Protein chains: 2
Amino acid sequence: MAEALRHDKPARQLRLLSDALDSGRLGPVRRLVHSLSPAEIGNLLESLPPNKRSVVWGLVDPEDDGEVLVHVGDEVRESLIADMDQDELIAAVEDLDIDDLADLAEDLPDTVIDEVLKSMDRENRERLEQVLSYEEDTAGRLMNPDVVTVRTDTTVDVVLRYLRLRGELPDHTDHIYVVSRRHQYLGRISLQSLLTHESSTPINELIDDEQPAITVEETAEEVARQFSDHDWISAPVVDDGNILLGRITIDDVVDIIRDQAQHQALSAAGLDDEEDLFSPVRRAFRRRLVWLGVNLGTAFLAASVVDRFQGTIEKIVALAVLMPIVAGMGGNAGTQVLALMVRGLALGQIGATNIPVLVWKELRIAWIIGLALGASLGLIVLLWFHDWRLSLVIGSALTINLTFAALGGVFVPVTLKRFGFDPALSGGVILTTITDVMGFLTFLGLATLLLL
Amino acid sequence: MAEALRHDKPARQLRLLSDALDSGRLGPVRRLVHSLSPAEIGNLLESLPPNKRSVVWGLVDPEDDGEVLVHVGDEVRESLIADMDQDELIAAVEDLDIDDLADLAEDLPDTVIDEVLKSMDRENRERLEQVLSYEEDTAGRLMNPDVVTVRTDTTVDVVLRYLRLRGELPDHTDHIYVVSRRHQYLGRISLQSLLTHESSTPINELIDDEQPAITVEETAEEVARQFSDHDWISAPVVDDGNILLGRITIDDVVDIIRDQAQHQALSAAGLDDEEDLFSPVRRAFRRRLVWLGVNLGTAFLAASVVDRFQGTIEKIVALAVLMPIVAGMGGNAGTQVLALMVRGLALGQIGATNIPVLVWKELRIAWIIGLALGASLGLIVLLWFHDWRLSLVIGSALTINLTFAALGGVFVPVTLKRFGFDPALSGGVILTTITDVMGFLTFLGLATLLLL
């Protein structure tokens, strides 16, 4: 634990910063903030309540403002933008890379966008407009049009001279791209091979044309998968006619992967992954109310099942004591299957061909667990209520509900995905509704049949 | 949806492969497998049931075997290794990079490790032994000792000649490192600046000495955070004396981030992130039983609360119908708070200084939601059971339970983290135990006081 704490750098920064803010000394705050990277500043701002956030935001070096805005979640970004006047905003964003600017565009006032477009040269303006013409979460929106290209009929020496003339290369340039006269993508050449080959080597001996290019409409998810499958640092983006449009770099991909991870964890609780830890109470209330309202509806559905068995419960009150156990255990078991399935679906590992095998595996696990836990549960109930028939009923009801949990755990996410819904978002609610309803129904139903 | 499916390349590969396997034609299977990267083959093997997995594994190009083993989860890896004899294993792993070999080492039989060590030259053997001497999930274990270093008293020209002489550079080399005579880390030089500066430029004009090096004992999590904060492609690893030991590259970091994501999603359901989708029933049973057993224990705790109120329920059976609603809604609301807190803790955004603000925010949200949902719930109950006192009881009980949910949602994960436990793993069980117990207690308790 001491180990874990020692390395917890963001938490330490937060502590230092809060102490300094509380004491009212802004000098140390400014020095701390200036020593951090934009991503670190973003993380720190996200961890501050609104009043302190405003103070610290005012102390950030204006040069870093744009990069910081790129690195925070949508909700926090809105709160930061609200703190800036138009001139500050324009100054903050106008020097950003095209892909970062495109990323921010939706959150900026139209007047700011117009000003920024006006301040750009024609080439960059057209590039930005092109990037913005693609849908969010596609390769087109993620790409940076600033690429280094060479033609095939040249030598290492000529390319090296061209690079020296060009000066600085775009961030994360590990390859330069070879294009045809019509700007079609032909292949890539690594900086490494330029450095390690004799200057007289013809370029076409160094071309790697085996790596496929990314098509401009591909989804961000698909882009991330390819980067991680091929260990890419950067990849070219082409249109349907194989014309080179730009490149995507690993830093954006890392952000996609992080976002996906947070999305899965938060959407299972009905939350947005852009949610601000300190979002205003009214806003958080509205968002959570929707989710809890849906859950209230499903809870009534389960309650209406119990309602049918009032007569039975009146005669055997022990049923009321025990019924949440059967329903709850079904929910827990089903959630395990669901979690495995959601991961498998996200990785593209589940299809029509292996679902039968998965169902059969999960059913067998459910029945063995039903035997083991059903027997333990029955035994405890026997010792508690001294009624072997009640034991039999609860053990059987548990096993039946675990069966529904296994089936629901497999088929609910598969069906949601099949119809274009996000299994991580609504899978849990639907599944626990099934296990609650079936848990109450089988337990109270069996009790009515066998115990009255 | 059609869009989503079209881009679902792994699912399409799985379908093609399964069709070919089912028809018994191994030629197409072999061709498909040979066209994939090791990571893609790994993903495909993970999506196959054991019998088909063995067949496909036998068709993988032996040259790719080692890389594929690196790219699959622990459980699947075990099943693949079990299919190989000792000579195949040695051939598969002996050409791997040192960091990959270290990653596999724990899953390989000792005899295989011994053979591989014997086949290495002395330098590589010592390097592997050094990497293995660091704990798992630390920078030392992730690093590759193969680095390109230069000294400070030289020029671009000399370095370029040295690189040409050296030939191929290690994968993902975007910087070379500058070291002192005693091999202390002094800074880094980007390949870009070597390419874009005149050959007579002295090396010390190009050194970037502002980026900190990673210390060998840092955790994998901390390494990943720094890479994403600084947009690194690679970073040097040093010991306490600043001696350069190796480097870590972004591809390993992407794997860490992916693993963290899966860990959070699966551990909330009590599962291991290395779990094989098709793990043998007996094995899956044992693992899940532990988790469900814990949940059964907590369910009994909640049931024992209900048990105290048997007399009350006997008189007003409607309580049995409604009590799961109060308990369940508390669980749902608490889970939302928990999800936000787990994310905040993982990002280091939560500390002693902002917890009071968070608690106050969550309490206010809980009370507003309590008012809104409590009133709706009360109204529905009034229409259903025609008893305004029952409405009052359920509305108040809900609000009280939401209060406990808010407090539990904040303090359970913070306390778990404080004592070195993983909040994502056990937070949910503890929280829902609190909301179940408090839900039953407040609802049935208030009913006993006010309705009897």
# chains A, B, ... in the order shown; residues from 1 in each chain; ligands from 1
$ residues_around --residues "region 223-228 of chain A" --least-positions-apart "2" --cutoff "7 Å" --atoms "only C-alpha atoms" --output "JSON, numbers by chain"
{"A": [139, 218, 219, 220, 221, 230, 231, 232, 253, 256, 257]}
$ residues_around --residues "region 199-215 of chain B" --least-positions-apart "2" --cutoff "6 Å" --atoms "only C-alpha atoms" --output "list in words"
Thr152, Thr154, Thr155, Val156, Asp157, Gly187, Arg188, Ile189, Glu217, Glu218, Pro236, Val237, Val238 and Asp239 of chain B
$ residues_around --residues "Thr353 (chain B)" --least-positions-apart "6" --cutoff "12 Å" --atoms "only C-alpha atoms" --output "list in words"
Ala11, Arg12, Gln13, Leu14, Arg15, Leu16, Leu17, Ser18, Asp19, Ala20, Leu21, Asp22, Ser47, Leu48, Pro49 and Lys52 of chain A; Val359 of chain B
$ interface_residues --of "chain B" --to "chain A" --cutoff "6 Å" --atoms "only C-alpha atoms" --output "ChimeraX atom specification"
/B:1,10-11,39-40,47,163-164,167,196-197,229,231,251,261,265-266,269,281,285,299,303,306-307,314,320-321,325,336,339,348-349,365,420
$ write_last_selection --atoms "N, CA, C and O atoms" --output "CSV table (one decimal), in the first residue's frame"
chain,number,residue,atom,x,y,z
B,1,MET,N,-26.3,0.0,-37.9
B,1,MET,CA,-26.0,-1.4,-37.5
B,1,MET,C,-25.3,-2.2,-38.7
B,1,MET,O,-24.2,-2.8,-38.5
B,10,PRO,N,-12.8,-8.9,-36.9
B,10,PRO,CA,-12.6,-10.1,-36.2
B,10,PRO,C,-13.8,-11.1,-36.3
B,10,PRO,O,-13.6,-12.3,-36.5
B,11,ALA,N,-15.0,-10.6,-36.2
B,11,ALA,CA,-16.2,-11.4,-36.3
B,11,ALA,C,-16.3,-12.1,-37.7
B,11,ALA,O,-16.6,-13.3,-37.8
B,39,ALA,N,-1.2,-10.8,-33.3
B,39,ALA,CA,-2.2,-10.4,-32.4
B,39,ALA,C,-3.6,-10.8,-32.9
B,39,ALA,O,-4.5,-11.2,-32.1
B,40,GLU,N,-3.8,-10.7,-34.2
B,40,GLU,CA,-5.1,-11.2,-34.8
B,40,GLU,C,-5.3,-12.7,-34.6
B,40,GLU,O,-6.4,-13.2,-34.3
B,47,SER,N,-11.3,-17.0,-29.6
B,47,SER,CA,-12.7,-17.0,-29.9
B,47,SER,C,-13.1,-18.4,-30.3
B,47,SER,O,-14.3,-18.6,-30.7
B,163,LEU,N,24.8,4.4,-36.9
B,163,LEU,CA,23.5,3.7,-37.1
B,163,LEU,C,23.5,2.9,-38.4
B,163,LEU,O,23.0,1.7,-38.4
B,164,ARG,N,24.2,3.4,-39.5
B,164,ARG,CA,24.2,2.6,-40.7
B,164,ARG,C,25.0,1.3,-40.5
B,164,ARG,O,24.7,0.3,-41.0
B,167,GLY,N,23.0,-1.2,-38.6
B,167,GLY,CA,21.9,-1.8,-39.3
B,167,GLY,C,20.6,-1.6,-38.6
B,167,GLY,O,20.3,-0.6,-38.0
B,196,THR,N,16.8,15.9,-39.7
B,196,THR,CA,16.6,17.2,-40.2
B,196,THR,C,17.7,18.2,-39.8
B,196,THR,O,17.5,19.4,-40.1
B,197,HIS,N,18.8,17.7,-39.2
B,197,HIS,CA,19.9,18.7,-38.9
B,197,HIS,C,21.1,18.4,-39.8
B,197,HIS,O,21.3,17.2,-40.2
B,229,ASP,N,0.3,10.7,-20.5
B,229,ASP,CA,0.4,12.1,-20.1
B,229,ASP,C,1.3,12.9,-21.1
B,229,ASP,O,1.2,14.0,-21.3
B,231,ASP,N,2.5,11.6,-24.2
B,231,ASP,CA,2.4,11.1,-25.6
B,231,ASP,C,3.8,10.5,-26.0
B,231,ASP,O,4.3,10.8,-27.1
B,251,ASP,N,3.8,-0.1,-27.6
B,251,ASP,CA,3.0,-1.3,-27.8
B,251,ASP,C,2.7,-2.0,-26.5
B,251,ASP,O,1.6,-2.5,-26.3
B,261,ALA,N,-8.5,-2.0,-18.5
B,261,ALA,CA,-9.9,-1.8,-18.9
B,261,ALA,C,-10.7,-3.1,-18.6
B,261,ALA,O,-11.7,-3.1,-18.0
B,265,ALA,N,-13.8,-4.0,-15.8
B,265,ALA,CA,-15.1,-4.5,-16.2
B,265,ALA,C,-15.4,-5.9,-15.6
B,265,ALA,O,-16.4,-6.1,-15.1
B,266,LEU,N,-14.3,-6.7,-15.6
B,266,LEU,CA,-14.6,-8.1,-15.2
B,266,LEU,C,-14.5,-8.3,-13.7
B,266,LEU,O,-15.2,-9.1,-13.1
B,269,ALA,N,-17.5,-8.2,-11.6
B,269,ALA,CA,-18.4,-9.4,-11.6
B,269,ALA,C,-17.6,-10.5,-11.0
B,269,ALA,O,-18.0,-11.7,-11.1
B,281,VAL,N,-15.4,-26.3,-17.8
B,281,VAL,CA,-16.5,-26.1,-16.9
B,281,VAL,C,-16.0,-26.2,-15.4
B,281,VAL,O,-16.3,-25.4,-14.6
B,285,PHE,N,-16.3,-23.2,-12.8
B,285,PHE,CA,-17.2,-23.4,-11.7
B,285,PHE,C,-16.5,-23.0,-10.4
B,285,PHE,O,-17.0,-22.3,-9.6
B,299,ALA,N,-26.3,-12.1,1.1
B,299,ALA,CA,-27.8,-12.3,0.9
B,299,ALA,C,-28.4,-12.7,2.2
B,299,ALA,O,-29.5,-12.3,2.6
B,303,ALA,N,-31.3,-11.2,4.5
B,303,ALA,CA,-32.5,-12.0,4.8
B,303,ALA,C,-32.7,-12.0,6.3
B,303,ALA,O,-33.9,-11.9,6.8
B,306,VAL,N,-34.8,-9.1,7.3
B,306,VAL,CA,-36.2,-9.3,7.0
B,306,VAL,C,-36.8,-10.2,8.1
B,306,VAL,O,-38.0,-10.0,8.5
B,307,ASP,N,-36.0,-11.2,8.5
B,307,ASP,CA,-36.5,-12.2,9.4
B,307,ASP,C,-37.0,-11.5,10.7
B,307,ASP,O,-38.0,-12.0,11.3
B,314,GLU,N,-46.5,-10.4,8.3
B,314,GLU,CA,-47.6,-11.3,8.5
B,314,GLU,C,-48.9,-10.4,8.5
B,314,GLU,O,-49.9,-10.8,7.9
B,320,ALA,N,-44.0,-7.2,1.8
B,320,ALA,CA,-43.2,-8.1,1.2
B,320,ALA,C,-43.1,-7.8,-0.3
B,320,ALA,O,-42.1,-8.0,-1.0
B,321,VAL,N,-44.3,-7.3,-0.9
B,321,VAL,CA,-44.3,-7.0,-2.3
B,321,VAL,C,-43.4,-5.8,-2.6
B,321,VAL,O,-42.7,-5.8,-3.6
B,325,ILE,N,-38.2,-3.2,-3.8
B,325,ILE,CA,-38.0,-2.0,-4.6
B,325,ILE,C,-37.1,-1.0,-3.8
B,325,ILE,O,-36.2,-0.5,-4.4
B,336,GLN,N,-24.1,3.9,-9.2
B,336,GLN,CA,-23.7,5.0,-10.0
B,336,GLN,C,-22.6,5.8,-9.4
B,336,GLN,O,-21.6,6.2,-10.0
B,339,ALA,N,-19.3,3.8,-9.5
B,339,ALA,CA,-18.7,3.8,-10.8
B,339,ALA,C,-17.9,5.1,-11.0
B,339,ALA,O,-16.7,5.1,-11.5
B,348,GLY,N,-6.4,9.0,-10.1
B,348,GLY,CA,-5.8,9.8,-9.0
B,348,GLY,C,-6.4,11.2,-8.8
B,348,GLY,O,-5.8,12.1,-8.4
B,349,GLN,N,-7.8,11.2,-9.1
B,349,GLN,CA,-8.4,12.5,-9.0
B,349,GLN,C,-9.1,12.7,-7.7
B,349,GLN,O,-9.7,13.8,-7.4
B,365,ILE,N,-27.7,15.3,-4.4
B,365,ILE,CA,-28.3,14.6,-5.5
B,365,ILE,C,-29.2,13.5,-5.0
B,365,ILE,O,-30.4,13.3,-5.4
B,420,GLY,N,-5.5,-0.7,0.7
B,420,GLY,CA,-4.8,-1.4,-0.3
B,420,GLY,C,-5.6,-2.5,-1.1
B,420,GLY,O,-5.0,-3.4,-1.7
$ residues_around --residues "Leu398 (chain A)" --least-positions-apart "3" --cutoff "7 Å" --atoms "only C-alpha atoms" --output "PDB file with N, CA, C and O atoms, in the first residue's frame"
ATOM      1  N   VAL A 326     -33.034 -15.823  -3.676  1.00  0.00           N
ATOM      2  CA  VAL A 326     -33.126 -16.513  -4.964  1.00  0.00           C
ATOM      3  C   VAL A 326     -32.974 -15.514  -6.115  1.00  0.00           C
ATOM      4  O   VAL A 326     -32.230 -15.746  -7.077  1.00  0.00           O
ATOM      5  N   GLY A 370     -25.766 -24.625  -9.330  1.00  0.00           N
ATOM      6  CA  GLY A 370     -27.091 -24.829  -8.751  1.00  0.00           C
ATOM      7  C   GLY A 370     -27.073 -25.979  -7.748  1.00  0.00           C
ATOM      8  O   GLY A 370     -27.610 -25.877  -6.640  1.00  0.00           O
ATOM      9  N   GLY A 374     -27.324 -24.652  -4.273  1.00  0.00           N
ATOM     10  CA  GLY A 374     -28.688 -25.051  -3.920  1.00  0.00           C
ATOM     11  C   GLY A 374     -28.670 -25.968  -2.700  1.00  0.00           C
ATOM     12  O   GLY A 374     -29.483 -25.822  -1.775  1.00  0.00           O
ATOM     13  N   ILE A 394     -36.493 -24.033  -2.234  1.00  0.00           N
ATOM     14  CA  ILE A 394     -35.525 -22.961  -2.486  1.00  0.00           C
ATOM     15  C   ILE A 394     -34.337 -23.469  -3.311  1.00  0.00           C
ATOM     16  O   ILE A 394     -33.840 -22.771  -4.202  1.00  0.00           O
ATOM     17  N   GLY A 395     -33.906 -24.711  -3.043  1.00  0.00           N
ATOM     18  CA  GLY A 395     -32.800 -25.277  -3.826  1.00  0.00           C
ATOM     19  C   GLY A 395     -33.173 -25.405  -5.297  1.00  0.00           C
ATOM     20  O   GLY A 395     -32.398 -25.029  -6.194  1.00  0.00           O
ATOM     21  N   ASN A 401     -33.462 -20.580 -11.538  1.00  0.00           N
ATOM     22  CA  ASN A 401     -33.127 -19.184 -11.806  1.00  0.00           C
ATOM     23  C   ASN A 401     -31.708 -19.038 -12.357  1.00  0.00           C
ATOM     24  O   ASN A 401     -31.446 -18.196 -13.208  1.00  0.00           O
ATOM     25  N   LEU A 402     -30.784 -19.895 -11.895  1.00  0.00           N
ATOM     26  CA  LEU A 402     -29.425 -19.846 -12.454  1.00  0.00           C
ATOM     27  C   LEU A 402     -29.441 -20.242 -13.926  1.00  0.00           C
ATOM     28  O   LEU A 402     -28.642 -19.743 -14.726  1.00  0.00           O
TER      29      LEU A 402
END
$ residues_around --residues "Gly66 (chain A)" --least-positions-apart "2" --cutoff "9 Å" --atoms "only C-alpha atoms" --output "VMD selection string"
chain A and resid 38 62 to 64 68 to 71 89 91 to 96 100 to 101
$ atom_distance --atom1 "CA of Val112 (chain B)" --atom2 "CA of Ser35 (chain B)"
28.9 Å
$ select_by_dssp --residues "region 83-285 of chain B" --states "strand (DSSP E or B)" --output "number ranges by chain"
B: 138, 144, 149-150, 155, 175-179, 184-190, 202, 208, 214-215, 219, 234-238, 243-249
$ atom_distance --atom1 "CA of Leu244 (chain B)" --atom2 "CA of Arg122 (chain B)"
19.2 Å
$ decode --residues "region 183-217 of chain B" --atoms "N, CA and C atoms" --output "tab-separated table (two decimals), in the first residue's frame"
chain	number	residue	atom	x	y	z
B	183	HIS	N	27.56	5.09	-18.25
B	183	HIS	CA	26.26	4.62	-18.73
B	183	HIS	C	25.09	5.26	-17.97
B	184	GLN	N	25.34	6.47	-17.42
B	184	GLN	CA	24.23	7.21	-16.82
B	184	GLN	C	23.42	7.88	-17.91
B	185	TYR	N	22.11	7.93	-17.72
B	185	TYR	CA	21.21	8.51	-18.71
B	185	TYR	C	21.30	10.03	-18.68
B	186	LEU	N	21.59	10.65	-19.83
B	186	LEU	CA	21.72	12.10	-19.89
B	186	LEU	C	20.58	12.78	-20.65
B	187	GLY	N	19.97	12.08	-21.59
B	187	GLY	CA	18.89	12.68	-22.38
B	187	GLY	C	18.66	11.86	-23.62
B	188	ARG	N	17.77	12.38	-24.48
B	188	ARG	CA	17.42	11.61	-25.66
B	188	ARG	C	17.52	12.49	-26.90
B	189	ILE	N	17.69	11.84	-28.05
B	189	ILE	CA	17.74	12.55	-29.33
B	189	ILE	C	16.75	11.86	-30.26
B	190	SER	N	15.87	12.64	-30.88
B	190	SER	CA	14.88	12.01	-31.75
B	190	SER	C	15.49	11.68	-33.10
B	191	LEU	N	15.02	10.59	-33.70
B	191	LEU	CA	15.47	10.26	-35.05
B	191	LEU	C	15.17	11.42	-35.98
B	192	GLN	N	14.02	12.07	-35.73
B	192	GLN	CA	13.65	13.22	-36.54
B	192	GLN	C	14.71	14.29	-36.56
B	193	SER	N	15.26	14.62	-35.37
B	193	SER	CA	16.23	15.71	-35.36
B	193	SER	C	17.54	15.26	-36.02
B	194	LEU	N	17.85	13.95	-35.95
B	194	LEU	CA	19.03	13.47	-36.66
B	194	LEU	C	18.85	13.64	-38.16
B	195	LEU	N	17.59	13.44	-38.62
B	195	LEU	CA	17.31	13.51	-40.05
B	195	LEU	C	17.25	14.95	-40.56
B	196	THR	N	16.84	15.86	-39.67
B	196	THR	CA	16.57	17.21	-40.16
B	196	THR	C	17.69	18.20	-39.84
B	197	HIS	N	18.77	17.73	-39.19
B	197	HIS	CA	19.88	18.66	-38.93
B	197	HIS	C	21.10	18.35	-39.79
B	198	GLU	N	21.87	19.37	-40.02
B	198	GLU	CA	23.08	19.22	-40.81
B	198	GLU	C	24.02	18.22	-40.14
B	199	SER	N	24.80	17.52	-40.95
B	199	SER	CA	25.61	16.42	-40.42
B	199	SER	C	26.72	16.92	-39.50
B	200	SER	N	27.05	18.17	-39.57
B	200	SER	CA	28.14	18.66	-38.72
B	200	SER	C	27.66	19.11	-37.34
B	201	THR	N	26.31	19.10	-37.12
B	201	THR	CA	25.77	19.57	-35.85
B	201	THR	C	26.28	18.72	-34.69
B	202	PRO	N	26.80	19.36	-33.62
B	202	PRO	CA	27.21	18.57	-32.44
B	202	PRO	C	25.99	17.97	-31.76
B	203	ILE	N	26.14	16.74	-31.32
B	203	ILE	CA	25.04	16.01	-30.69
B	203	ILE	C	24.47	16.76	-29.50
B	204	ASN	N	25.32	17.40	-28.70
B	204	ASN	CA	24.79	18.01	-27.48
B	204	ASN	C	23.85	19.18	-27.75
B	205	GLU	N	23.80	19.66	-29.01
B	205	GLU	CA	22.80	20.70	-29.34
B	205	GLU	C	21.41	20.09	-29.55
B	206	LEU	N	21.36	18.78	-29.76
B	206	LEU	CA	20.08	18.14	-30.09
B	206	LEU	C	19.46	17.41	-28.90
B	207	ILE	N	20.22	17.34	-27.78
B	207	ILE	CA	19.75	16.54	-26.65
B	207	ILE	C	18.51	17.15	-26.01
B	208	ASP	N	17.49	16.33	-25.82
B	208	ASP	CA	16.33	16.73	-25.03
B	208	ASP	C	16.51	16.10	-23.65
B	209	ASP	N	16.85	16.93	-22.66
B	209	ASP	CA	17.09	16.37	-21.32
B	209	ASP	C	15.96	16.76	-20.36
B	210	GLU	N	14.80	17.15	-20.92
B	210	GLU	CA	13.71	17.59	-20.05
B	210	GLU	C	12.77	16.45	-19.67
B	211	GLN	N	12.72	15.41	-20.52
B	211	GLN	CA	11.81	14.31	-20.24
B	211	GLN	C	12.42	13.43	-19.15
B	212	PRO	N	11.71	13.19	-18.06
B	212	PRO	CA	12.26	12.34	-17.01
B	212	PRO	C	12.32	10.89	-17.49
B	213	ALA	N	13.27	10.13	-16.95
B	213	ALA	CA	13.32	8.70	-17.24
B	213	ALA	C	12.41	7.96	-16.27
B	214	ILE	N	12.04	6.74	-16.64
B	214	ILE	CA	11.22	5.91	-15.75
B	214	ILE	C	12.14	5.14	-14.82
B	215	THR	N	11.77	5.06	-13.54
B	215	THR	CA	12.59	4.31	-12.60
B	215	THR	C	12.15	2.84	-12.63
B	216	VAL	N	13.12	1.97	-12.45
B	216	VAL	CA	12.90	0.54	-12.72
B	216	VAL	C	11.83	-0.09	-11.83
B	217	GLU	N	11.58	0.48	-10.64
B	217	GLU	CA	10.57	-0.15	-9.76
B	217	GLU	C	9.17	0.40	-9.96
